[in-house]
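These notes are about the structure you will find just below.
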Amino acid sequence: MIEYVKGELAELTPTMAVIDCNGVGYGLNISLNTYSAIHGKKSCKLLVYEAVREDAYVLYGFADKKEREMFLLLITVSGIGGNTARTILSALSPMELANVIAAENTSLLKTAKGIGLKTAQRIIVELKDKIASWATSEGAMPASGLSIAHTQIQEEAVAALTMLGFAPAPSQKVVAAILKAEPDASVENVIKQALKRL
């Protein structure tokens, strides 16, 4: 079992990292979160999950343990494979996803490409208990009134940007970054700032 791959970053795209490890290039499927974490670096270390199937041997790479743990939880949900889990983790950070599941926010979960209402509900039902202990142990915000209000602002802003023609995943990222910097920002303020960044 490969635990991690460490070496020179030979190639990098938003979905794939090729790490040269003593002359062997390992191609790892990555999320946008991991891409952002390693972008611009000459060398890096990625934690690995190996998916061995009849027709393929696929490696998934993660910049940190939290993302790999969340990925492993997601693929336990029936109907969620490695690529879908990676797509979800490209739209939401592990901590955001933990909060979305704890708050049972299906509409925010649906902003991830390829996730419909039924899949979002299944993720919440199957992971809510697991996420509760995971989130607490990782020091995530509890699903208090504050985080739910925060989530609603995030949800409204992303919905507005999507209606304006922006893709949900980048909109989600930008809105999350704005709210992280300014937790008290109004929906209008978040949308105005997001329009400048997108």
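All residue names refer to the structure tokens as shown: chains lettered A, B, ... in order, residues numbered from 1 in each chain, ligands numbered from 1 in order.
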
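Using only C-alpha atoms, the residues found no farther than 7 Å from stretch 67-84 of chain A, other than those of its own chain fewer than 3 positions away, are Phe62, Asp64, Thr87, Ile88, Pro94, Ile123 and Glu126 of chain A.
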
Could those selected residues go to a file with C-alpha atoms, as a tab-separated table (two decimals), in the first residue's frame?
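Dumped to result_38.tsv:
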```
chain	number	residue	atom	x	y	z
A	62	PHE	CA	-4.28	14.75	-1.01
A	64	ASP	CA	-3.52	16.95	3.97
A	87	THR	CA	-15.52	16.64	-7.43
A	88	ILE	CA	-17.28	17.29	-4.10
A	94	PRO	CA	-13.31	19.20	4.12
A	123	ILE	CA	-24.61	11.71	1.68
A	126	GLU	CA	-25.14	8.14	5.64
```

Can you write out as CSV which residues of stretch 63-97 of chain A fall within 12 Å of stretch 153-169 of chain A, alongside each residue's closest atom pair and its distance in Å to one decimal, counting only C-alpha atoms and ordering rows by chain and ascending residue number?
```
residue,atom,partner,partner_atom,distance
A:Thr87,CA,A:Ala169,CA,9.0
A:Ile88,CA,A:Ala169,CA,9.0
A:Leu89,CA,A:Ala169,CA,9.9
A:Ser90,CA,A:Ala169,CA,7.2
A:Ala91,CA,A:Ala169,CA,4.7
A:Leu92,CA,A:Ala169,CA,8.0
A:Ser93,CA,A:Ala169,CA,11.2
A:Glu96,CA,A:Gln154,CA,10.7
```

Keeping only N, CA and C atoms, write the selected residues to a file as a CSV table (one decimal), in the first residue's frame.
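part.csv, freshly written:
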```csv
chain,number,residue,atom,x,y,z
A,87,THR,N,-14.8,15.5,-6.9
A,87,THR,CA,-15.5,16.6,-7.4
A,87,THR,C,-16.1,17.4,-6.3
A,88,ILE,N,-16.7,16.6,-5.3
A,88,ILE,CA,-17.3,17.3,-4.1
A,88,ILE,C,-16.2,18.0,-3.3
A,89,LEU,N,-15.0,17.4,-3.2
A,89,LEU,CA,-13.9,18.1,-2.5
A,89,LEU,C,-13.3,19.2,-3.3
A,90,SER,N,-13.6,19.3,-4.5
A,90,SER,CA,-13.2,20.5,-5.3
A,90,SER,C,-14.1,21.7,-5.1
A,91,ALA,N,-15.4,21.4,-4.8
A,91,ALA,CA,-16.4,22.4,-4.6
A,91,ALA,C,-16.3,22.9,-3.1
A,92,LEU,N,-16.1,22.0,-2.2
A,92,LEU,CA,-16.1,22.4,-0.8
A,92,LEU,C,-14.8,21.8,-0.1
A,93,SER,N,-14.3,22.6,0.8
A,93,SER,CA,-13.1,22.1,1.6
A,93,SER,C,-13.7,21.1,2.6
A,96,GLU,N,-15.7,22.8,5.3
A,96,GLU,CA,-17.0,23.3,4.8
A,96,GLU,C,-18.0,22.1,4.6
```

Would you list the contacts of A:Pro183 as a list in words, taking every protein, DNA or RNA residue within 12 Å and counting only C-alpha atoms, but skipping same-chain residues closer than 2 positions in sequence? Leu146, Ser147, Ala149, His150, Thr151, Ile153, Gln154, Val175, Ala176, Ala177, Ile178, Leu179, Lys180, Ala181, Ala185, Ser186, Val187, Asn189 and Val190 of chain A

For the structure I just gave you, how does DSSP split stretch 16-192 of chain A - specifically, which residues are alpha helix (DSSP H)? Reply as number ranges by chain. A: 32-38, 65-74, 82-91, 94-102, 106-109, 117-137, 145-163, 168-181, 187-192

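When only C-alpha atoms are used to measure the gap to A:Lys41, the shortest distance among A:Gly27, A:Pro170, A:Gly114, A:Gly7 belongs to A:Gly7.
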
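Here atom CA of A:Asn29 is placed at a distance of 20.8 Å from atom CA of A:Thr111.
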
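Closest approach to A:Val18 among A:Leu46, A:Leu32, A:Met1, A:Ala56: A:Leu46, based on only C-alpha atoms.
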
Within 12 Å of A:Val125, counting only C-alpha atoms, which residues qualify if same-chain residues fewer than 3 places away don't, as a PDB file with N, CA and C atoms, in the first residue's frame?
```pdb
ATOM      1  N   LEU A  74     -16.581   9.799   2.107  1.00  0.00           N
ATOM      2  CA  LEU A  74     -17.489   9.973   0.957  1.00  0.00           C
ATOM      3  C   LEU A  74     -17.630   8.695   0.128  1.00  0.00           C
ATOM      4  N   VAL A  77     -20.273   6.038   0.893  1.00  0.00           N
ATOM      5  CA  VAL A  77     -21.677   6.290   0.545  1.00  0.00           C
ATOM      6  C   VAL A  77     -21.995   5.562  -0.755  1.00  0.00           C
ATOM      7  N   SER A  78     -23.100   4.806  -0.777  1.00  0.00           N
ATOM      8  CA  SER A  78     -23.440   4.051  -1.985  1.00  0.00           C
ATOM      9  C   SER A  78     -23.672   5.020  -3.151  1.00  0.00           C
ATOM     10  N   ILE A 101     -22.880  19.055   5.881  1.00  0.00           N
ATOM     11  CA  ILE A 101     -23.545  17.796   6.245  1.00  0.00           C
ATOM     12  C   ILE A 101     -24.188  17.922   7.628  1.00  0.00           C
ATOM     13  N   ALA A 102     -23.469  18.530   8.577  1.00  0.00           N
ATOM     14  CA  ALA A 102     -24.005  18.696   9.935  1.00  0.00           C
ATOM     15  C   ALA A 102     -25.259  19.569   9.928  1.00  0.00           C
ATOM     16  N   ALA A 103     -25.277  20.577   9.038  1.00  0.00           N
ATOM     17  CA  ALA A 103     -26.436  21.484   8.950  1.00  0.00           C
ATOM     18  C   ALA A 103     -27.527  20.930   8.024  1.00  0.00           C
ATOM     19  N   GLU A 104     -27.281  19.738   7.435  1.00  0.00           N
ATOM     20  CA  GLU A 104     -28.220  19.091   6.496  1.00  0.00           C
ATOM     21  C   GLU A 104     -28.600  20.028   5.346  1.00  0.00           C
ATOM     22  N   ASN A 105     -27.608  20.699   4.803  1.00  0.00           N
ATOM     23  CA  ASN A 105     -27.832  21.681   3.744  1.00  0.00           C
ATOM     24  C   ASN A 105     -27.689  21.023   2.367  1.00  0.00           C
ATOM     25  N   THR A 106     -28.789  20.422   1.886  1.00  0.00           N
ATOM     26  CA  THR A 106     -28.733  19.719   0.595  1.00  0.00           C
ATOM     27  C   THR A 106     -28.466  20.671  -0.566  1.00  0.00           C
ATOM     28  N   LYS A 118     -31.188  13.602  -4.582  1.00  0.00           N
ATOM     29  CA  LYS A 118     -31.184  12.281  -3.930  1.00  0.00           C
ATOM     30  C   LYS A 118     -29.791  11.916  -3.422  1.00  0.00           C
ATOM     31  N   THR A 119     -28.769  12.201  -4.234  1.00  0.00           N
ATOM     32  CA  THR A 119     -27.396  11.891  -3.815  1.00  0.00           C
ATOM     33  C   THR A 119     -27.007  12.748  -2.617  1.00  0.00           C
ATOM     34  N   ALA A 120     -27.371  14.031  -2.654  1.00  0.00           N
ATOM     35  CA  ALA A 120     -27.063  14.943  -1.541  1.00  0.00           C
ATOM     36  C   ALA A 120     -27.715  14.444  -0.252  1.00  0.00           C
ATOM     37  N   GLN A 121     -28.985  14.014  -0.366  1.00  0.00           N
ATOM     38  CA  GLN A 121     -29.700  13.504   0.812  1.00  0.00           C
ATOM     39  C   GLN A 121     -29.045  12.227   1.338  1.00  0.00           C
ATOM     40  N   ARG A 122     -28.613  11.358   0.405  1.00  0.00           N
ATOM     41  CA  ARG A 122     -27.979  10.099   0.800  1.00  0.00           C
ATOM     42  C   ARG A 122     -26.661  10.378   1.535  1.00  0.00           C
ATOM     43  N   LYS A 128     -23.953  11.782   8.399  1.00  0.00           N
ATOM     44  CA  LYS A 128     -24.183  12.758   9.471  1.00  0.00           C
ATOM     45  C   LYS A 128     -23.589  12.315  10.812  1.00  0.00           C
ATOM     46  N   ASP A 129     -23.815  11.067  11.209  1.00  0.00           N
ATOM     47  CA  ASP A 129     -23.279  10.580  12.484  1.00  0.00           C
ATOM     48  C   ASP A 129     -21.753  10.496  12.461  1.00  0.00           C
ATOM     49  N   LYS A 130     -21.219  10.029  11.324  1.00  0.00           N
ATOM     50  CA  LYS A 130     -19.759   9.905  11.200  1.00  0.00           C
ATOM     51  C   LYS A 130     -19.104  11.282  11.207  1.00  0.00           C
ATOM     52  N   ILE A 131     -19.758  12.234  10.549  1.00  0.00           N
ATOM     53  CA  ILE A 131     -19.227  13.601  10.465  1.00  0.00           C
ATOM     54  C   ILE A 131     -19.248  14.272  11.834  1.00  0.00           C
ATOM     55  N   ALA A 132     -20.257  13.970  12.648  1.00  0.00           N
ATOM     56  CA  ALA A 132     -20.376  14.590  13.979  1.00  0.00           C
ATOM     57  C   ALA A 132     -19.126  14.316  14.796  1.00  0.00           C
TER      58      ALA A 132
END
```

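Computed from the coordinates, the atom CA of A:Asn22 to atom CA of A:Gly61 distance equals 17.8 Å.
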
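In this structure, atom CA of A:Asn99 sits 14.2 Å away from atom CA of A:Gln172.
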
Pick out each residue of stretch 16-155 of chain A that DSSP on the backbone tags as strand (DSSP E or B); I need them as a PDB file with N, CA and C atoms, in the first residue's frame.
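So the final result, stored in part32.pdb, reads:
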```
ATOM      1  N   MET A  16      -4.873  16.872 -11.934  1.00  0.00           N
ATOM      2  CA  MET A  16      -3.826  15.834 -11.925  1.00  0.00           C
ATOM      3  C   MET A  16      -2.471  16.416 -11.529  1.00  0.00           C
ATOM      4  N   ALA A  17      -1.760  15.667 -10.679  1.00  0.00           N
ATOM      5  CA  ALA A  17      -0.389  16.032 -10.322  1.00  0.00           C
ATOM      6  C   ALA A  17       0.505  14.854 -10.677  1.00  0.00           C
ATOM      7  N   VAL A  18       1.613  15.127 -11.353  1.00  0.00           N
ATOM      8  CA  VAL A  18       2.588  14.083 -11.648  1.00  0.00           C
ATOM      9  C   VAL A  18       3.820  14.374 -10.796  1.00  0.00           C
ATOM     10  N   ILE A  19       4.127  13.437  -9.902  1.00  0.00           N
ATOM     11  CA  ILE A  19       5.267  13.617  -9.002  1.00  0.00           C
ATOM     12  C   ILE A  19       6.386  12.665  -9.404  1.00  0.00           C
ATOM     13  N   ASP A  20       7.553  13.258  -9.694  1.00  0.00           N
ATOM     14  CA  ASP A  20       8.723  12.473 -10.067  1.00  0.00           C
ATOM     15  C   ASP A  20       9.406  12.019  -8.778  1.00  0.00           C
ATOM     16  N   CYS A  21       9.347  10.713  -8.555  1.00  0.00           N
ATOM     17  CA  CYS A  21       9.921  10.135  -7.337  1.00  0.00           C
ATOM     18  C   CYS A  21      11.061   9.203  -7.755  1.00  0.00           C
ATOM     19  N   VAL A  24      10.631   7.890 -11.310  1.00  0.00           N
ATOM     20  CA  VAL A  24       9.324   7.294 -11.634  1.00  0.00           C
ATOM     21  C   VAL A  24       8.257   8.370 -11.452  1.00  0.00           C
ATOM     22  N   GLY A  25       7.453   8.603 -12.488  1.00  0.00           N
ATOM     23  CA  GLY A  25       6.404   9.626 -12.411  1.00  0.00           C
ATOM     24  C   GLY A  25       5.082   9.030 -11.959  1.00  0.00           C
ATOM     25  N   TYR A  26       4.612   9.449 -10.795  1.00  0.00           N
ATOM     26  CA  TYR A  26       3.317   8.984 -10.284  1.00  0.00           C
ATOM     27  C   TYR A  26       2.239  10.009 -10.641  1.00  0.00           C
ATOM     28  N   GLY A  27       1.226   9.560 -11.377  1.00  0.00           N
ATOM     29  CA  GLY A  27       0.106  10.433 -11.727  1.00  0.00           C
ATOM     30  C   GLY A  27      -0.988  10.291 -10.686  1.00  0.00           C
ATOM     31  N   LEU A  28      -1.275  11.379  -9.974  1.00  0.00           N
ATOM     32  CA  LEU A  28      -2.297  11.339  -8.925  1.00  0.00           C
ATOM     33  C   LEU A  28      -3.457  12.253  -9.264  1.00  0.00           C
ATOM     34  N   ASN A  29      -4.674  11.721  -9.164  1.00  0.00           N
ATOM     35  CA  ASN A  29      -5.875  12.540  -9.344  1.00  0.00           C
ATOM     36  C   ASN A  29      -6.024  13.405  -8.098  1.00  0.00           C
ATOM     37  N   SER A  43       8.539  20.987  -5.335  1.00  0.00           N
ATOM     38  CA  SER A  43       8.399  19.608  -4.857  1.00  0.00           C
ATOM     39  C   SER A  43       7.278  19.565  -3.829  1.00  0.00           C
ATOM     40  N   CYS A  44       6.725  18.390  -3.607  1.00  0.00           N
ATOM     41  CA  CYS A  44       5.627  18.269  -2.644  1.00  0.00           C
ATOM     42  C   CYS A  44       5.488  16.826  -2.169  1.00  0.00           C
ATOM     43  N   LYS A  45       4.668  16.676  -1.139  1.00  0.00           N
ATOM     44  CA  LYS A  45       4.350  15.359  -0.597  1.00  0.00           C
ATOM     45  C   LYS A  45       2.829  15.237  -0.588  1.00  0.00           C
ATOM     46  N   LEU A  46       2.306  14.212  -1.248  1.00  0.00           N
ATOM     47  CA  LEU A  46       0.860  14.001  -1.281  1.00  0.00           C
ATOM     48  C   LEU A  46       0.526  12.664  -0.632  1.00  0.00           C
ATOM     49  N   LEU A  47      -0.463  12.683   0.254  1.00  0.00           N
ATOM     50  CA  LEU A  47      -0.984  11.443   0.822  1.00  0.00           C
ATOM     51  C   LEU A  47      -1.755  10.732  -0.285  1.00  0.00           C
ATOM     52  N   VAL A  48      -1.810   9.426  -0.229  1.00  0.00           N
ATOM     53  CA  VAL A  48      -2.359   8.657  -1.355  1.00  0.00           C
ATOM     54  C   VAL A  48      -3.505   7.744  -0.927  1.00  0.00           C
ATOM     55  N   TYR A  49      -4.489   7.620  -1.833  1.00  0.00           N
ATOM     56  CA  TYR A  49      -5.494   6.557  -1.730  1.00  0.00           C
ATOM     57  C   TYR A  49      -5.414   5.778  -3.035  1.00  0.00           C
ATOM     58  N   GLU A  50      -5.268   4.457  -2.943  1.00  0.00           N
ATOM     59  CA  GLU A  50      -5.180   3.609  -4.134  1.00  0.00           C
ATOM     60  C   GLU A  50      -6.533   2.974  -4.424  1.00  0.00           C
ATOM     61  N   ALA A  51      -7.023   3.161  -5.640  1.00  0.00           N
ATOM     62  CA  ALA A  51      -8.257   2.505  -6.059  1.00  0.00           C
ATOM     63  C   ALA A  51      -7.879   1.443  -7.093  1.00  0.00           C
ATOM     64  N   VAL A  52      -7.972   0.183  -6.694  1.00  0.00           N
ATOM     65  CA  VAL A  52      -7.611  -0.913  -7.598  1.00  0.00           C
ATOM     66  C   VAL A  52      -8.894  -1.558  -8.096  1.00  0.00           C
ATOM     67  N   TYR A  57      -5.964   1.018 -12.310  1.00  0.00           N
ATOM     68  CA  TYR A  57      -5.270   1.213 -11.039  1.00  0.00           C
ATOM     69  C   TYR A  57      -5.107   2.726 -10.908  1.00  0.00           C
ATOM     70  N   VAL A  58      -5.892   3.321 -10.023  1.00  0.00           N
ATOM     71  CA  VAL A  58      -5.948   4.783  -9.950  1.00  0.00           C
ATOM     72  C   VAL A  58      -5.436   5.275  -8.597  1.00  0.00           C
ATOM     73  N   LEU A  59      -4.610   6.323  -8.643  1.00  0.00           N
ATOM     74  CA  LEU A  59      -4.098   6.940  -7.414  1.00  0.00           C
ATOM     75  C   LEU A  59      -4.754   8.300  -7.223  1.00  0.00           C
ATOM     76  N   TYR A  60      -5.197   8.563  -5.994  1.00  0.00           N
ATOM     77  CA  TYR A  60      -5.740   9.875  -5.635  1.00  0.00           C
ATOM     78  C   TYR A  60      -4.776  10.515  -4.638  1.00  0.00           C
ATOM     79  N   GLY A  61      -4.463  11.788  -4.851  1.00  0.00           N
ATOM     80  CA  GLY A  61      -3.514  12.483  -3.985  1.00  0.00           C
ATOM     81  C   GLY A  61      -4.183  13.583  -3.168  1.00  0.00           C
ATOM     82  N   PHE A  62      -3.690  13.762  -1.937  1.00  0.00           N
ATOM     83  CA  PHE A  62      -4.276  14.754  -1.014  1.00  0.00           C
ATOM     84  C   PHE A  62      -3.179  15.540  -0.317  1.00  0.00           C
TER      85      PHE A  62
END
```
